[in-house]
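Source file: run-v7.pdb; contents: PDB, C-alpha atoms.
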```pdb
ATOM      1  CA  MET M  25     -22.250 -33.559 -28.775
ATOM      2  CA  SER M  26     -25.052 -35.805 -27.511
ATOM      3  CA  GLY M  27     -26.943 -35.253 -24.261
ATOM      4  CA  ASN M  28     -25.181 -38.254 -22.733
ATOM      5  CA  THR M  29     -21.780 -36.863 -23.714
ATOM      6  CA  ASN M  30     -22.591 -33.465 -22.199
ATOM      7  CA  SER M  31     -23.729 -35.033 -18.937
ATOM      8  CA  ASP M  32     -20.617 -37.237 -18.894
ATOM      9  CA  ILE M  33     -18.427 -34.140 -19.234
ATOM     10  CA  LEU M  34     -20.194 -32.411 -16.334
ATOM     11  CA  ILE M  35     -20.222 -35.464 -14.056
ATOM     12  CA  ALA M  36     -16.650 -36.499 -14.848
ATOM     13  CA  GLY M  37     -15.452 -32.897 -14.400
ATOM     14  CA  ALA M  38     -17.167 -32.654 -11.005
ATOM     15  CA  ILE M  39     -15.713 -35.982  -9.851
ATOM     16  CA  ALA M  40     -12.243 -34.887 -10.934
ATOM     17  CA  ALA M  41     -12.509 -31.487  -9.243
ATOM     18  CA  PHE M  42     -13.846 -32.870  -5.946
ATOM     19  CA  THR M  43     -11.084 -35.486  -5.883
ATOM     20  CA  VAL M  44      -8.378 -32.855  -6.289
ATOM     21  CA  ASP M  45      -9.962 -30.354  -3.876
ATOM     22  CA  LEU M  46     -10.068 -32.853  -1.033
ATOM     23  CA  LEU M  47      -6.651 -34.429  -1.556
ATOM     24  CA  VAL M  48      -4.350 -31.525  -2.405
ATOM     25  CA  TYR M  49      -6.095 -28.640  -0.607
ATOM     26  CA  PRO M  50      -3.641 -28.680   2.353
ATOM     27  CA  LEU M  51      -0.742 -28.146  -0.079
ATOM     28  CA  ASP M  52      -2.588 -25.193  -1.598
ATOM     29  CA  THR M  53      -3.097 -23.721   1.888
ATOM     30  CA  LEU M  54       0.629 -23.989   2.599
ATOM     31  CA  LYS M  55       1.421 -22.308  -0.735
ATOM     32  CA  THR M  56      -0.920 -19.397   0.051
ATOM     33  CA  ARG M  57       0.690 -18.900   3.457
ATOM     34  CA  PHE M  58       4.216 -19.067   2.033
ATOM     35  CA  GLN M  59       3.345 -16.400  -0.533
ATOM     36  CA  SER M  60       1.528 -14.132   1.935
ATOM     37  CA  PRO M  61       3.241 -10.859   2.956
ATOM     38  CA  ASP M  62       2.442 -11.841   6.570
ATOM     39  CA  TYR M  63       4.215 -15.204   6.397
ATOM     40  CA  ALA M  64       7.174 -14.225   8.595
ATOM     41  CA  ARG M  65       4.972 -12.496  11.190
ATOM     42  CA  LEU M  66       2.268 -15.159  11.466
ATOM     43  CA  TYR M  67       3.957 -18.448  10.688
ATOM     44  CA  THR M  68       7.592 -18.277  11.794
ATOM     45  CA  ASN M  69       9.300 -18.228  15.159
ATOM     46  CA  SER M  70      10.810 -14.761  15.622
ATOM     47  CA  ALA M  71      13.813 -16.176  17.491
ATOM     48  CA  THR M  72      14.742 -19.071  15.209
ATOM     49  CA  GLY M  73      13.103 -18.044  11.928
ATOM     50  CA  LYS M  74      11.704 -21.543  11.562
ATOM     51  CA  PRO M  75       8.011 -22.315  10.866
ATOM     52  CA  ASN M  76       5.778 -22.411  13.941
ATOM     53  CA  PRO M  77       2.847 -24.791  14.525
ATOM     54  CA  ALA M  78       0.331 -22.183  13.289
ATOM     55  CA  LEU M  79       1.557 -22.808   9.727
ATOM     56  CA  PHE M  80       0.001 -26.288   9.803
ATOM     57  CA  ARG M  81      -3.276 -25.447  11.546
ATOM     58  CA  GLY M  82      -6.587 -25.097   9.733
ATOM     59  CA  MET M  83      -5.309 -26.709   6.551
ATOM     60  CA  TYR M  84      -8.847 -27.064   5.147
ATOM     61  CA  GLN M  85      -9.992 -23.515   5.956
ATOM     62  CA  GLY M  86     -11.997 -22.051   3.083
ATOM     63  CA  ILE M  87     -12.597 -25.328   1.254
ATOM     64  CA  GLY M  88     -16.368 -24.816   1.385
ATOM     65  CA  SER M  89     -16.282 -21.958  -1.118
ATOM     66  CA  VAL M  90     -14.174 -24.018  -3.513
ATOM     67  CA  ILE M  91     -16.488 -27.031  -3.319
ATOM     68  CA  ILE M  92     -19.512 -24.813  -4.046
ATOM     69  CA  ALA M  93     -17.772 -23.351  -7.109
ATOM     70  CA  THR M  94     -16.432 -26.702  -8.301
ATOM     71  CA  LEU M  95     -19.482 -27.899 -10.246
ATOM     72  CA  PRO M  96     -20.165 -24.760 -12.293
ATOM     73  CA  SER M  97     -16.503 -23.832 -12.886
ATOM     74  CA  SER M  98     -15.277 -27.313 -13.834
ATOM     75  CA  GLY M  99     -18.389 -27.923 -15.936
ATOM     76  CA  ALA M 100     -17.876 -24.600 -17.719
ATOM     77  CA  PHE M 101     -14.197 -25.336 -18.327
ATOM     78  CA  PHE M 102     -14.544 -28.847 -19.720
ATOM     79  CA  THR M 103     -17.667 -28.076 -21.768
ATOM     80  CA  THR M 104     -16.049 -24.996 -23.323
ATOM     81  CA  TYR M 105     -12.764 -26.834 -23.914
ATOM     82  CA  GLU M 106     -14.330 -29.895 -25.532
ATOM     83  CA  ARG M 107     -16.718 -27.886 -27.730
ATOM     84  CA  THR M 108     -14.077 -25.360 -28.819
ATOM     85  CA  LYS M 109     -11.521 -28.050 -29.572
ATOM     86  CA  SER M 110     -14.115 -29.987 -31.566
ATOM     87  CA  LEU M 111     -15.145 -26.844 -33.475
ATOM     88  CA  PHE M 112     -11.570 -25.878 -34.353
ATOM     89  CA  THR M 113     -10.707 -29.449 -35.315
ATOM     90  CA  ASN M 114     -13.716 -29.691 -37.625
ATOM     91  CA  LEU M 115     -12.868 -26.339 -39.231
ATOM     92  CA  ASN M 116      -9.287 -27.499 -39.639
ATOM     93  CA  SER M 117     -10.410 -30.672 -41.430
ATOM     94  CA  THR M 118     -12.301 -28.646 -44.040
ATOM     95  CA  CYS M 119      -9.173 -26.725 -45.015
ATOM     96  CA  SER M 120      -7.605 -27.585 -48.366
ATOM     97  CA  HIS M 121      -4.166 -27.774 -46.787
ATOM     98  CA  PRO M 122      -3.332 -31.414 -45.866
ATOM     99  CA  ASN M 123      -2.377 -30.480 -42.287
ATOM    100  CA  GLY M 124      -5.067 -27.848 -41.797
ATOM    101  CA  PHE M 125      -4.551 -24.131 -41.298
ATOM    102  CA  LEU M 126      -3.957 -24.438 -37.531
ATOM    103  CA  PRO M 127      -1.379 -26.743 -35.909
ATOM    104  CA  THR M 128      -2.871 -29.105 -33.326
ATOM    105  CA  PRO M 129      -0.978 -27.504 -30.388
ATOM    106  CA  VAL M 130      -2.471 -24.126 -31.321
ATOM    107  CA  ILE M 131      -5.987 -25.626 -31.312
ATOM    108  CA  HIS M 132      -5.420 -27.128 -27.857
ATOM    109  CA  ALA M 133      -3.914 -23.884 -26.524
ATOM    110  CA  ALA M 134      -6.753 -21.738 -27.923
ATOM    111  CA  ALA M 135      -9.483 -24.072 -26.641
ATOM    112  CA  SER M 136      -7.983 -24.299 -23.148
ATOM    113  CA  SER M 137      -7.433 -20.513 -22.977
ATOM    114  CA  LEU M 138     -11.041 -19.731 -23.878
ATOM    115  CA  ALA M 139     -12.221 -22.341 -21.360
ATOM    116  CA  GLU M 140     -10.089 -20.697 -18.653
ATOM    117  CA  LEU M 141     -11.587 -17.250 -19.276
ATOM    118  CA  VAL M 142     -15.082 -18.668 -18.756
ATOM    119  CA  SER M 143     -14.080 -20.760 -15.737
ATOM    120  CA  CYS M 144     -12.167 -17.919 -14.037
ATOM    121  CA  ALA M 145     -15.243 -15.675 -14.052
ATOM    122  CA  ILE M 146     -17.028 -18.285 -11.927
ATOM    123  CA  LEU M 147     -14.034 -19.286  -9.824
ATOM    124  CA  THR M 148     -12.640 -15.847  -8.837
ATOM    125  CA  PRO M 149     -15.011 -15.167  -5.886
ATOM    126  CA  ALA M 150     -14.356 -18.658  -4.508
ATOM    127  CA  GLU M 151     -10.590 -18.140  -4.886
ATOM    128  CA  VAL M 152     -10.721 -14.785  -3.067
ATOM    129  CA  ILE M 153     -12.763 -16.284  -0.207
ATOM    130  CA  LYS M 154     -10.549 -19.369  -0.088
ATOM    131  CA  GLN M 155      -7.225 -17.555   0.060
ATOM    132  CA  ASN M 156      -8.383 -15.060   2.671
ATOM    133  CA  ALA M 157      -9.915 -17.881   4.746
ATOM    134  CA  GLN M 158      -6.634 -19.790   4.552
ATOM    135  CA  MET M 159      -4.957 -16.866   6.331
ATOM    136  CA  VAL M 160      -7.497 -16.609   9.196
ATOM    137  CA  SER M 161      -5.977 -17.506  12.556
ATOM    138  CA  SER M 162      -7.747 -20.516  14.058
ATOM    139  CA  ASP M 163      -6.482 -19.738  17.570
ATOM    140  CA  HIS M 164      -8.603 -16.757  18.571
ATOM    141  CA  SER M 165     -12.103 -17.401  17.279
ATOM    142  CA  SER M 166     -14.616 -20.223  17.117
ATOM    143  CA  THR M 167     -16.307 -18.667  14.068
ATOM    144  CA  ASN M 168     -15.815 -20.534  10.811
ATOM    145  CA  ALA M 169     -12.950 -19.035   8.759
ATOM    146  CA  THR M 170     -15.126 -18.774   5.648
ATOM    147  CA  ILE M 171     -17.839 -16.915   7.580
ATOM    148  CA  GLN M 172     -15.234 -14.498   8.978
ATOM    149  CA  THR M 173     -13.962 -13.858   5.464
ATOM    150  CA  LEU M 174     -17.437 -13.296   4.009
ATOM    151  CA  GLN M 175     -18.141 -10.686   6.705
ATOM    152  CA  LYS M 176     -15.261  -8.598   5.343
ATOM    153  CA  PHE M 177     -17.020  -8.381   1.978
ATOM    154  CA  ARG M 178     -20.475  -7.698   3.366
ATOM    155  CA  SER M 179     -20.579  -4.048   2.296
ATOM    156  CA  ASN M 180     -18.822  -4.561  -1.044
ATOM    157  CA  PRO M 181     -19.523  -7.980  -2.616
ATOM    158  CA  LEU M 182     -18.023  -6.839  -5.924
ATOM    159  CA  ALA M 183     -14.588  -6.941  -4.274
ATOM    160  CA  LEU M 184     -14.910 -10.724  -4.504
ATOM    161  CA  TRP M 185     -14.064 -10.354  -8.198
ATOM    162  CA  ARG M 186     -10.858  -8.448  -7.445
ATOM    163  CA  GLY M 187      -8.140 -10.644  -8.865
ATOM    164  CA  TYR M 188     -10.015 -11.942 -11.925
ATOM    165  CA  ALA M 189      -7.391 -10.410 -14.206
ATOM    166  CA  SER M 190      -4.520 -11.886 -12.184
ATOM    167  CA  LEU M 191      -6.220 -15.289 -11.962
ATOM    168  CA  ALA M 192      -6.832 -15.310 -15.713
ATOM    169  CA  GLY M 193      -3.333 -13.900 -16.240
ATOM    170  CA  ARG M 194      -1.900 -16.888 -14.400
ATOM    171  CA  ASN M 195      -4.214 -19.555 -15.773
ATOM    172  CA  LEU M 196      -4.115 -18.497 -19.430
ATOM    173  CA  PRO M 197      -0.366 -19.023 -19.942
ATOM    174  CA  PHE M 198      -0.526 -22.027 -17.620
ATOM    175  CA  THR M 199      -3.185 -23.850 -19.648
ATOM    176  CA  ALA M 200      -1.755 -22.607 -22.966
ATOM    177  CA  MET M 201       1.510 -24.347 -22.018
ATOM    178  CA  GLN M 202       0.088 -27.319 -20.138
ATOM    179  CA  PHE M 203      -2.487 -28.662 -22.594
ATOM    180  CA  PRO M 204      -0.309 -28.847 -25.728
ATOM    181  CA  MET M 205       2.466 -30.502 -23.645
ATOM    182  CA  PHE M 206      -0.089 -32.794 -22.034
ATOM    183  CA  GLU M 207      -1.675 -33.862 -25.338
ATOM    184  CA  ARG M 208       1.717 -34.452 -27.000
ATOM    185  CA  LEU M 209       3.155 -36.376 -24.057
ATOM    186  CA  LYS M 210       0.038 -38.537 -23.769
ATOM    187  CA  GLN M 211       0.131 -39.283 -27.496
ATOM    188  CA  GLY M 212       3.830 -40.179 -27.302
ATOM    189  CA  ILE M 213       3.304 -42.589 -24.385
ATOM    190  CA  ARG M 214       0.375 -44.283 -26.145
ATOM    191  CA  GLU M 215       2.365 -44.659 -29.375
ATOM    192  CA  TYR M 216       5.320 -46.120 -27.467
ATOM    193  CA  ARG M 217       3.100 -48.652 -25.684
ATOM    194  CA  ASP M 218       1.418 -49.594 -28.984
ATOM    195  CA  GLU M 219       4.804 -50.201 -30.633
ATOM    196  CA  LYS M 220       5.960 -52.368 -27.729
ATOM    197  CA  GLY M 221       2.685 -54.292 -27.568
ATOM    198  CA  LEU M 222       2.035 -53.102 -24.014
ATOM    199  CA  THR M 223      -1.379 -51.546 -24.586
ATOM    200  CA  THR M 224      -4.160 -53.157 -22.533
ATOM    201  CA  GLY M 225      -7.042 -50.785 -23.298
ATOM    202  CA  THR M 226      -8.226 -50.691 -19.683
ATOM    203  CA  ILE M 227      -9.599 -47.700 -17.789
ATOM    204  CA  VAL M 228      -6.688 -47.973 -15.359
ATOM    205  CA  GLU M 229      -4.154 -47.725 -18.185
ATOM    206  CA  SER M 230      -5.937 -44.761 -19.749
ATOM    207  CA  GLY M 231      -6.218 -42.955 -16.420
ATOM    208  CA  THR M 232      -2.593 -43.615 -15.480
ATOM    209  CA  ILE M 233      -1.225 -42.335 -18.807
ATOM    210  CA  THR M 234      -3.430 -39.258 -18.605
ATOM    211  CA  ALA M 235      -2.484 -38.597 -14.972
ATOM    212  CA  PHE M 236       1.260 -38.862 -15.604
ATOM    213  CA  SER M 237       1.098 -36.729 -18.749
ATOM    214  CA  ALA M 238      -1.063 -34.058 -17.135
ATOM    215  CA  GLY M 239       0.995 -34.007 -13.941
ATOM    216  CA  THR M 240       4.302 -33.658 -15.785
ATOM    217  CA  ALA M 241       3.021 -30.934 -18.118
ATOM    218  CA  GLY M 242       1.285 -29.153 -15.243
ATOM    219  CA  SER M 243       4.332 -29.082 -12.979
ATOM    220  CA  ILE M 244       6.485 -27.561 -15.754
ATOM    221  CA  ALA M 245       3.861 -24.904 -16.502
ATOM    222  CA  ALA M 246       3.399 -24.265 -12.768
ATOM    223  CA  VAL M 247       7.060 -23.463 -12.193
ATOM    224  CA  ILE M 248       7.175 -21.101 -15.182
ATOM    225  CA  THR M 249       4.049 -19.200 -14.048
ATOM    226  CA  THR M 250       4.993 -18.980 -10.335
ATOM    227  CA  PRO M 251       5.677 -15.193 -10.396
ATOM    228  CA  VAL M 252       2.156 -14.550 -11.702
ATOM    229  CA  ASP M 253       0.773 -16.881  -9.026
ATOM    230  CA  VAL M 254       2.593 -14.939  -6.300
ATOM    231  CA  LEU M 255       1.075 -11.679  -7.577
ATOM    232  CA  LYS M 256      -2.379 -13.275  -7.791
ATOM    233  CA  THR M 257      -2.118 -14.417  -4.170
ATOM    234  CA  ARG M 258      -1.096 -10.948  -2.974
ATOM    235  CA  ILE M 259      -3.882  -9.224  -4.937
ATOM    236  CA  MET M 260      -6.574 -11.604  -3.696
ATOM    237  CA  LEU M 261      -5.400 -11.336  -0.078
ATOM    238  CA  SER M 262      -5.537  -7.542  -0.362
ATOM    239  CA  ALA M 263      -9.132  -7.692  -1.644
ATOM    240  CA  ALA M 264     -10.443  -8.141   1.899
ATOM    241  CA  GLU M 265      -8.603  -5.008   3.023
ATOM    242  CA  GLY M 266      -9.917  -2.654   0.347
ATOM    243  CA  GLY M 267     -13.140  -1.779  -1.363
ATOM    244  CA  TYR M 268     -15.864  -0.190   0.705
ATOM    245  CA  SER M 269     -15.880  -0.138   4.467
ATOM    246  CA  SER M 270     -18.749   0.047   6.939
ATOM    247  CA  GLU M 271     -19.032   1.938  10.171
ATOM    248  CA  SER M 272     -21.795   2.544  12.662
ATOM    249  CA  SER M 273     -23.522   5.851  12.214
ATOM    250  CA  GLY M 274     -26.117   7.866  14.094
ATOM    251  CA  LYS M 275     -29.742   6.868  14.244
ATOM    252  CA  SER M 276     -30.802   9.784  12.106
ATOM    253  CA  GLU M 277     -28.405   8.725   9.338
ATOM    254  CA  LYS M 278     -29.701   5.170   9.470
ATOM    255  CA  ALA M 279     -33.247   6.403   9.406
ATOM    256  CA  ASN M 280     -32.936   8.473   6.283
ATOM    257  CA  GLY M 281     -30.106   6.547   4.633
ATOM    258  CA  SER M 282     -27.930   9.604   4.264
ATOM    259  CA  GLY M 283     -24.669   8.482   5.901
ATOM    260  CA  LYS M 284     -21.561  10.294   4.765
ATOM    261  CA  ASN M 285     -22.204   9.630   1.117
ATOM    262  CA  GLY M 286     -25.882   8.671   1.140
ATOM    263  CA  LEU M 287     -25.264   4.880   1.063
ATOM    264  CA  VAL M 288     -26.099   2.263   3.671
ATOM    265  CA  ASP M 289     -25.544  -1.463   3.674
ATOM    266  CA  ALA M 290     -28.106  -4.195   4.342
ATOM    267  CA  LEU M 291     -27.777  -3.685   8.096
ATOM    268  CA  GLY M 292     -28.373   0.056   7.924
ATOM    269  CA  GLU M 293     -24.757   1.057   8.489
ATOM    270  CA  SER M 294     -23.261   3.863   6.433
ATOM    271  CA  VAL M 295     -20.916   2.886   3.672
ATOM    272  CA  LYS M 296     -17.836   4.949   3.007
ATOM    273  CA  LYS M 297     -16.528   5.689  -0.447
ATOM    274  CA  PRO M 298     -14.120   3.199  -2.007
ATOM    275  CA  ARG M 299     -10.692   3.320  -0.488
ATOM    276  CA  LYS M 300      -8.009   4.825  -2.651
ATOM    277  CA  ASN M 301      -5.076   2.853  -1.267
ATOM    278  CA  GLN M 302      -5.540  -0.290  -3.329
ATOM    279  CA  LYS M 303      -2.190  -1.331  -4.741
ATOM    280  CA  GLY M 304      -1.787  -2.135  -8.398
ATOM    281  CA  THR M 305       0.051  -5.099  -9.863
ATOM    282  CA  TRP M 306       3.201  -3.082 -10.546
ATOM    283  CA  GLN M 307       3.256  -1.679  -7.006
ATOM    284  CA  ILE M 308       2.873  -5.147  -5.518
ATOM    285  CA  THR M 309       5.667  -6.456  -7.756
ATOM    286  CA  GLN M 310       8.005  -3.678  -6.615
ATOM    287  CA  GLU M 311       7.068  -4.322  -2.986
ATOM    288  CA  ILE M 312       7.938  -8.018  -3.278
ATOM    289  CA  VAL M 313      11.274  -7.297  -4.985
ATOM    290  CA  GLN M 314      12.197  -4.672  -2.372
ATOM    291  CA  GLU M 315      11.344  -6.981   0.530
ATOM    292  CA  GLN M 316      12.645 -10.326  -0.744
ATOM    293  CA  GLY M 317      14.537  -9.669  -3.962
ATOM    294  CA  TYR M 318      13.594 -11.289  -7.265
ATOM    295  CA  LYS M 319      13.576 -14.703  -5.582
ATOM    296  CA  GLY M 320      10.441 -13.541  -3.757
ATOM    297  CA  LEU M 321       8.568 -13.761  -7.063
ATOM    298  CA  TRP M 322       9.351 -17.482  -7.141
ATOM    299  CA  ARG M 323       8.306 -18.127  -3.539
ATOM    300  CA  GLY M 324       6.331 -21.348  -3.229
ATOM    301  CA  GLY M 325       7.359 -22.501  -6.722
ATOM    302  CA  ALA M 326       8.600 -25.931  -5.625
ATOM    303  CA  LEU M 327       5.502 -26.563  -3.516
ATOM    304  CA  ARG M 328       3.316 -25.354  -6.388
ATOM    305  CA  ALA M 329       5.059 -27.755  -8.769
ATOM    306  CA  VAL M 330       4.484 -30.703  -6.401
ATOM    307  CA  TRP M 331       0.817 -30.050  -5.737
ATOM    308  CA  THR M 332       0.206 -29.260  -9.413
ATOM    309  CA  PHE M 333       1.809 -32.566 -10.439
ATOM    310  CA  VAL M 334      -0.467 -34.397  -8.007
ATOM    311  CA  GLY M 335      -3.496 -32.171  -8.599
ATOM    312  CA  ALA M 336      -3.344 -31.951 -12.402
ATOM    313  CA  GLY M 337      -2.611 -35.664 -12.634
ATOM    314  CA  LEU M 338      -5.565 -36.582 -10.452
ATOM    315  CA  TYR M 339      -7.805 -33.946 -12.042
ATOM    316  CA  LEU M 340      -7.414 -34.932 -15.684
ATOM    317  CA  GLY M 341      -6.809 -38.602 -14.866
ATOM    318  CA  ALA M 342     -10.049 -38.836 -12.915
ATOM    319  CA  TYR M 343     -11.884 -36.785 -15.560
ATOM    320  CA  GLU M 344     -10.872 -39.014 -18.464
ATOM    321  CA  SER M 345     -11.351 -42.244 -16.487
ATOM    322  CA  GLY M 346     -14.760 -40.998 -15.369
ATOM    323  CA  ARG M 347     -15.879 -40.366 -18.949
ATOM    324  CA  VAL M 348     -14.684 -43.803 -20.091
ATOM    325  CA  TYR M 349     -16.362 -45.489 -17.110
ATOM    326  CA  LEU M 350     -19.700 -43.681 -17.543
ATOM    327  CA  ALA M 351     -19.775 -44.497 -21.263
ATOM    328  CA  ALA M 352     -18.886 -48.151 -20.569
ATOM    329  CA  ARG M 353     -21.785 -48.454 -18.117
ATOM    330  CA  ARG M 354     -24.146 -47.586 -20.972
ATOM    331  CA  GLY M 355     -22.424 -50.071 -23.252
ATOM    332  CA  GLU M 356     -20.840 -47.295 -25.320
ATOM    333  CA  HIS M 357     -17.235 -46.755 -26.373
ATOM    334  CA  VAL M 358     -15.426 -43.426 -26.164
ATOM    335  CA  ASP M 359     -13.071 -42.916 -29.102
ATOM    336  CA  GLU M 360      -9.566 -41.686 -28.370
ATOM    337  CA  ALA M 361     -10.266 -38.626 -30.544
ATOM    338  CA  ASP M 362     -13.170 -37.644 -28.300
ATOM    339  CA  LEU M 363     -11.040 -37.674 -25.162
ATOM    340  CA  MET M 364      -8.718 -34.882 -24.111
TER     341      MET M 364
END
```

Represent the structure from my file as C-alpha cells, please.
Amino acid sequence: MSGNTNSDILIAGAIAAFTVDLLVYPLDTLKTRFQSPDYARLYTNSATGKPNPALFRGMYQGIGSVIIATLPSSGAFFTTYERTKSLFTNLNSTCSHPNGFLPTPVIHAAASSLAELVSCAILTPAEVIKQNAQMVSSDHSSTNATIQTLQKFRSNPLALWRGYASLAGRNLPFTAMQFPMFERLKQGIREYRDEKGLTTGTIVESGTITAFSAGTAGSIAAVITTPVDVLKTRIMLSAAEGGYSSESSGKSEKANGSGKNGLVDALGESVKKPRKNQKGTWQITQEIVQEQGYKGLWRGGALRAVWTFVGAGLYLGAYESGRVYLAARRGEHVDEADLM
C-alpha cells in the first residue's frame, strides 16, 4: 500500500468512527442501561414498572473516552483488515487451484477477525469507562460522569482491561458473520445495478450501497450475538466494583508505605489486595437466567439491531465514501477491488 492509501485509510476510518459515535451514541447508552442489572431499580417506576425520566438523561455520558479511542482503534482495525485481506488475496492468487485455496468469505472473515483482536486491545479501556459512565446518575453530582468513573479505577488501572475477552468474544463472531455477508450483499447489489444499467459511478451511489449492505449484515449479526453482548455489558459494569480498593490509612503507614499489604497508591493511600468476589462469565450467565429467564440473554437485542443497522451503515458507508473522495481530490481512482 502507498503512503497516500495508508493515510486515506486512517482519515476515512476516523471520519466514519466520529460520525457514528456522535449520531448513534444515545442508542448505545439506552442499550447499556437496558442490559444493566440495575435497570429496574434505577430506570423504572416502582409503582407502574414503566421507564422513568432518568432513563433518558445524560445520553452522551462517557462519549469522551470513546472519541479519544476512536482514532487509534479505527485506524488499527481498518489498516489490519485491508492489509490482511490484501495479503490473503495475493496468496490465494498464487495457488494452482483456479479458485484459490481459501474461499473469499473465509478471507474476509479471517481478516476482519484479526483486525478486531487488534482493535479490541485499544478499545477495551474506553468501552469500560464508557459503559460505567453511562450508568452514572446525573441527578446528584455536578462532576463529569467520565471523571467519576475514572476515579473508581484510580488504584487499579489494569481493571480497565477487564472485559477484553468478552469484547473480543462478541466482536469476533460479529465481524466474522458481518463482513462476508456485507461483501456478498454489496457485490450482489452492484451486479444487479450493472445488469439493469442503473450504475452511475458516483460517490453517493457507492456510499449508499455500502451503507445498506453493511447495515443489513450488521443488524443480522447483532441479533445473533446479543447474548454475548449482554454478558460483555455485565462484565464491564462490574469492573468498576472489583479489582483493588483504596482506603485512608494512618500517617505512619503513609510515611513508610507499609499499609496492610505494603502497597500505596499515587495519593499515599493503602491499597488492599484484589477482591476475590469477581464473578466469572458462567456465574453472570446463571445470574441473568435466574433473574430474567433465558430471554434476559436477549435483552436489548431489538435496540442493538436498530443502532447497528444505522451505525454499521454509516460507519462503513462513510469510510468507503471518504476513501473515494480523498482519492478523487488527488485526481486518483480507487479500484473496486481495493475497497472493502

Contacts of M:Phe125 at 10 Å (only C-alpha atoms; same-chain gap of 6+ positions) as a list of chain:residue names:
M:Leu115, M:Asn116, M:Ser117, M:Thr118, M:Cys119

Sorted by chain and rising residue number, list the residues of stretch 52-152 of chain M at most 9 Å from stretch 198-216 of chain M (counting only C-alpha atoms), each with its closest atom pair and distance in Å to one decimal, as CSV.
```
residue,atom,partner,partner_atom,distance
M:Thr128,CA,M:Pro204,CA,8.0
M:Pro129,CA,M:Pro204,CA,4.9
M:Val130,CA,M:Pro204,CA,7.6
M:Ile131,CA,M:Pro204,CA,8.6
M:His132,CA,M:Pro204,CA,5.8
M:Ala133,CA,M:Ala200,CA,4.4
M:Ala134,CA,M:Ala200,CA,7.1
M:Ala135,CA,M:Ala200,CA,8.7
M:Ser136,CA,M:Thr199,CA,6.0
M:Ser137,CA,M:Ala200,CA,6.1
M:Glu140,CA,M:Thr199,CA,7.7
```

Option closest in space to M:Ile91, from M:Ile153, M:Leu338, M:Val313, M:Ala264 [counting only C-alpha atoms]
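Looking at the shortest contact to M:Ile91, the residue is M:Ile153.
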
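When all atoms listed in the file are used to compute distances to M:Leu184, the closest of the residues M:Ala64, M:Leu95, M:Ile308, M:Ala145 turns out to be M:Ala145.
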
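Between atom CA of M:Gly324 and atom CA of M:Gln59 there is a distance of 6.4 Å.
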
Would you kindly translate the PyMOL selection byres ((chain M and resi 151) around 12) into the concrete residues it picks from this file, as a tab-separated table (two decimals) with C-alpha atoms, in the coordinates of the input?
```
chain	number	residue	atom	x	y	z
M	52	ASP	CA	-2.59	-25.19	-1.60
M	53	THR	CA	-3.10	-23.72	1.89
M	56	THR	CA	-0.92	-19.40	0.05
M	86	GLY	CA	-12.00	-22.05	3.08
M	87	ILE	CA	-12.60	-25.33	1.25
M	88	GLY	CA	-16.37	-24.82	1.38
M	89	SER	CA	-16.28	-21.96	-1.12
M	90	VAL	CA	-14.17	-24.02	-3.51
M	91	ILE	CA	-16.49	-27.03	-3.32
M	92	ILE	CA	-19.51	-24.81	-4.05
M	93	ALA	CA	-17.77	-23.35	-7.11
M	94	THR	CA	-16.43	-26.70	-8.30
M	97	SER	CA	-16.50	-23.83	-12.89
M	143	SER	CA	-14.08	-20.76	-15.74
M	144	CYS	CA	-12.17	-17.92	-14.04
M	145	ALA	CA	-15.24	-15.68	-14.05
M	146	ILE	CA	-17.03	-18.28	-11.93
M	147	LEU	CA	-14.03	-19.29	-9.82
M	148	THR	CA	-12.64	-15.85	-8.84
M	149	PRO	CA	-15.01	-15.17	-5.89
M	150	ALA	CA	-14.36	-18.66	-4.51
M	152	VAL	CA	-10.72	-14.78	-3.07
M	153	ILE	CA	-12.76	-16.28	-0.21
M	154	LYS	CA	-10.55	-19.37	-0.09
M	155	GLN	CA	-7.22	-17.56	0.06
M	156	ASN	CA	-8.38	-15.06	2.67
M	157	ALA	CA	-9.91	-17.88	4.75
M	158	GLN	CA	-6.63	-19.79	4.55
M	170	THR	CA	-15.13	-18.77	5.65
M	173	THR	CA	-13.96	-13.86	5.46
M	183	ALA	CA	-14.59	-6.94	-4.27
M	184	LEU	CA	-14.91	-10.72	-4.50
M	185	TRP	CA	-14.06	-10.35	-8.20
M	186	ARG	CA	-10.86	-8.45	-7.44
M	187	GLY	CA	-8.14	-10.64	-8.86
M	188	TYR	CA	-10.02	-11.94	-11.92
M	190	SER	CA	-4.52	-11.89	-12.18
M	191	LEU	CA	-6.22	-15.29	-11.96
M	192	ALA	CA	-6.83	-15.31	-15.71
M	256	LYS	CA	-2.38	-13.28	-7.79
M	257	THR	CA	-2.12	-14.42	-4.17
M	259	ILE	CA	-3.88	-9.22	-4.94
M	260	MET	CA	-6.57	-11.60	-3.70
M	261	LEU	CA	-5.40	-11.34	-0.08
M	263	ALA	CA	-9.13	-7.69	-1.64
```

Calculated over only C-alpha atoms, which of the candidates M:Arg258, M:Leu350, M:Gly355, M:Leu327 has the smallest distance to M:Thr305?
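Ranked by minimum distance to M:Thr305, first place goes to M:Arg258.
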
Given the PyMOL selection byres ((chain M and resi 249) around 12), the residues it picks as an MDAnalysis selection string
chainID M and resid 190:202 242:248 250:256 321:326 328:329 332

Could you jot down the atom CA of M:Arg107 to atom CA of M:Ala139 separation for me, Å, one decimal place?
9.6 Å
